[in-house]
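The structure under discussion appears below in the form of structure tokens.
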Amino acid sequence: MPLAAAVRLVSFAAFWAAQRAAGVSMIDLMVYRAEGPTVRAGADLYAMRATEARLPTTYSPFAAPAFTPLTLLGVPALRAPATAASLGLLITAVVRMRNGAGNFPLGMTIKAAAVFCAATATAAAALPHDSLRFWTSMVFETGRVGHAEDTADQSLRGVLARLFHTGVPGPWWAAAAALTAALGLAVAVCAELLGERAWAAMACAVTALLVSPVSWSHHWVWCVPVVVLALS
């Protein structure tokens, strides 16, 4: 365990240094942080634009109050703790999957559904206008998260958009996503039945990334536990 802790610490230090050397802007964090003042001011959450790139809010209303504490620190001061938290959550997820932590799949499904309903109800009570707007309109506007043909979009939709030189792959993407979802979930079920819960989780994660309308390159952080599993 001391060796594992040392490796994690070195990994964090190297990643943090690489961020600074590359001049990573933490632009997503800046958007999340901007949601806090918007909520406190009672402004329209989905009319907000943050950073010089004028990026909009794309998540459900529940995320905005959760991001409000980020306003307590400036963006430079948030860089290290945000990176540490992200790496910590990744490590926690990997460790729990190798140890087989968790309940029977049906129990986990019920628990996830209950948490989703509770979060949505809480957001609706706190931000009724934004909640109504999100679930009736914004959730269907996939273009808000970026253009499908951008090279950073590593989903099936992005691949097809670049292949056919169109921002709207249409039925080709729907067919490819449906087939991929069926195959990916079948692999996940088989892995679960064989007792390989970690591989089942990885199959679900990769399937979700492939069928999502937009999966940015940094969303593929799931490649890390996949490699670790493959080498273990």
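Chain identifiers are assigned as A, B, and so on, following the order in which chains appear in the structure tokens; residues are numbered from 1 within each chain, and ligands are numbered from 1 in order of appearance.
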
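Excluding Val31 in chain A itself and same-chain residues fewer than 4 positions from it, the residues having an atom within 8 Å of it are Ile27, Glu35, Ala50, Thr51, Leu55, Pro56 and Thr57 of chain A, counting only C-alpha atoms.
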
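Every protein, DNA or RNA residue with an atom at most 12 Å from range 123-134 of chain A, where only C-alpha atoms count and chain neighbours fewer than 5 positions away do not, is listed here: A:Thr38, A:Val39, A:Arg40, A:Ala41, A:Gly42, A:Ala43, A:Asp44, A:Leu45, A:Tyr46, A:Ala47, A:Met48, A:Thr57, A:Thr58, A:Tyr59, A:Ser60, A:Pro61, A:Phe62, A:Ala63, A:Ala64, A:Pro65, A:Ala66, A:Phe116, A:Cys117, A:Ala118, A:Val139, A:Phe140, A:Glu141, A:Thr142, A:Arg144.
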
Residue nearest Leu87 in chain A among A:Ala13, A:Val228, A:Ala174, A:Ala18 (counting only C-alpha atoms): A:Ala13

I need the residue nearest Asp153 in chain A from this list: A:Pro2, A:Gly107, A:Gly170, A:Pro213. Use only C-alpha atoms for the distance.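 Smallest separation from Asp153 in chain A among the options: A:Pro213.
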
If you run DSSP on this backbone, which residues of range 53-215 of chain A come out as helix (DSSP H, G or I), and could you give them as JSON, numbers by chain? {"A": [63, 64, 65, 66, 67, 68, 69, 70, 71, 72, 75, 76, 77, 78, 79, 80, 81, 82, 83, 84, 85, 86, 87, 88, 89, 90, 91, 92, 93, 94, 95, 96, 97, 98, 105, 106, 107, 108, 109, 110, 111, 112, 113, 114, 115, 116, 117, 118, 119, 120, 121, 122, 123, 124, 125, 126, 128, 129, 130, 131, 132, 133, 134, 135, 136, 138, 139, 140, 142, 143, 144, 145, 156, 157, 158, 159, 160, 161, 162, 163, 171, 172, 173, 174, 175, 176, 177, 178, 179, 180, 181, 182, 183, 184, 185, 186, 187, 188, 189, 190, 191, 192, 193, 197, 198, 199, 200, 201, 202, 203, 204, 205, 206, 207, 208, 209, 210, 211]}

If DSSP is run on the backbone, what residues of range 15-59 of chain A are strand (DSSP E)? A reply as a PyMOL selection string would be ideal. chain A and resi 49-50+55-56

Output the selection as a short mmCIF file (atom, residue, chain, number, x, y, z; two decimals), in the first residue's frame - C-alpha atoms for each residue.
data_model
loop_
_atom_site.label_atom_id
_atom_site.label_comp_id
_atom_site.auth_asym_id
_atom_site.auth_seq_id
_atom_site.Cartn_x
_atom_site.Cartn_y
_atom_site.Cartn_z
CA ARG A 49 -22.18 32.49 -21.30
CA ALA A 50 -18.80 32.02 -19.64
CA LEU A 55 -19.56 28.66 -23.44
CA PRO A 56 -23.11 27.84 -22.21
#

Given only C-alpha atoms as the counted atoms, nearest of A:Leu210, A:Ser155, A:Gly195, A:His218 to Leu179 in chain A: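 For Leu179 in chain A, the nearest of the candidates is A:Leu210.
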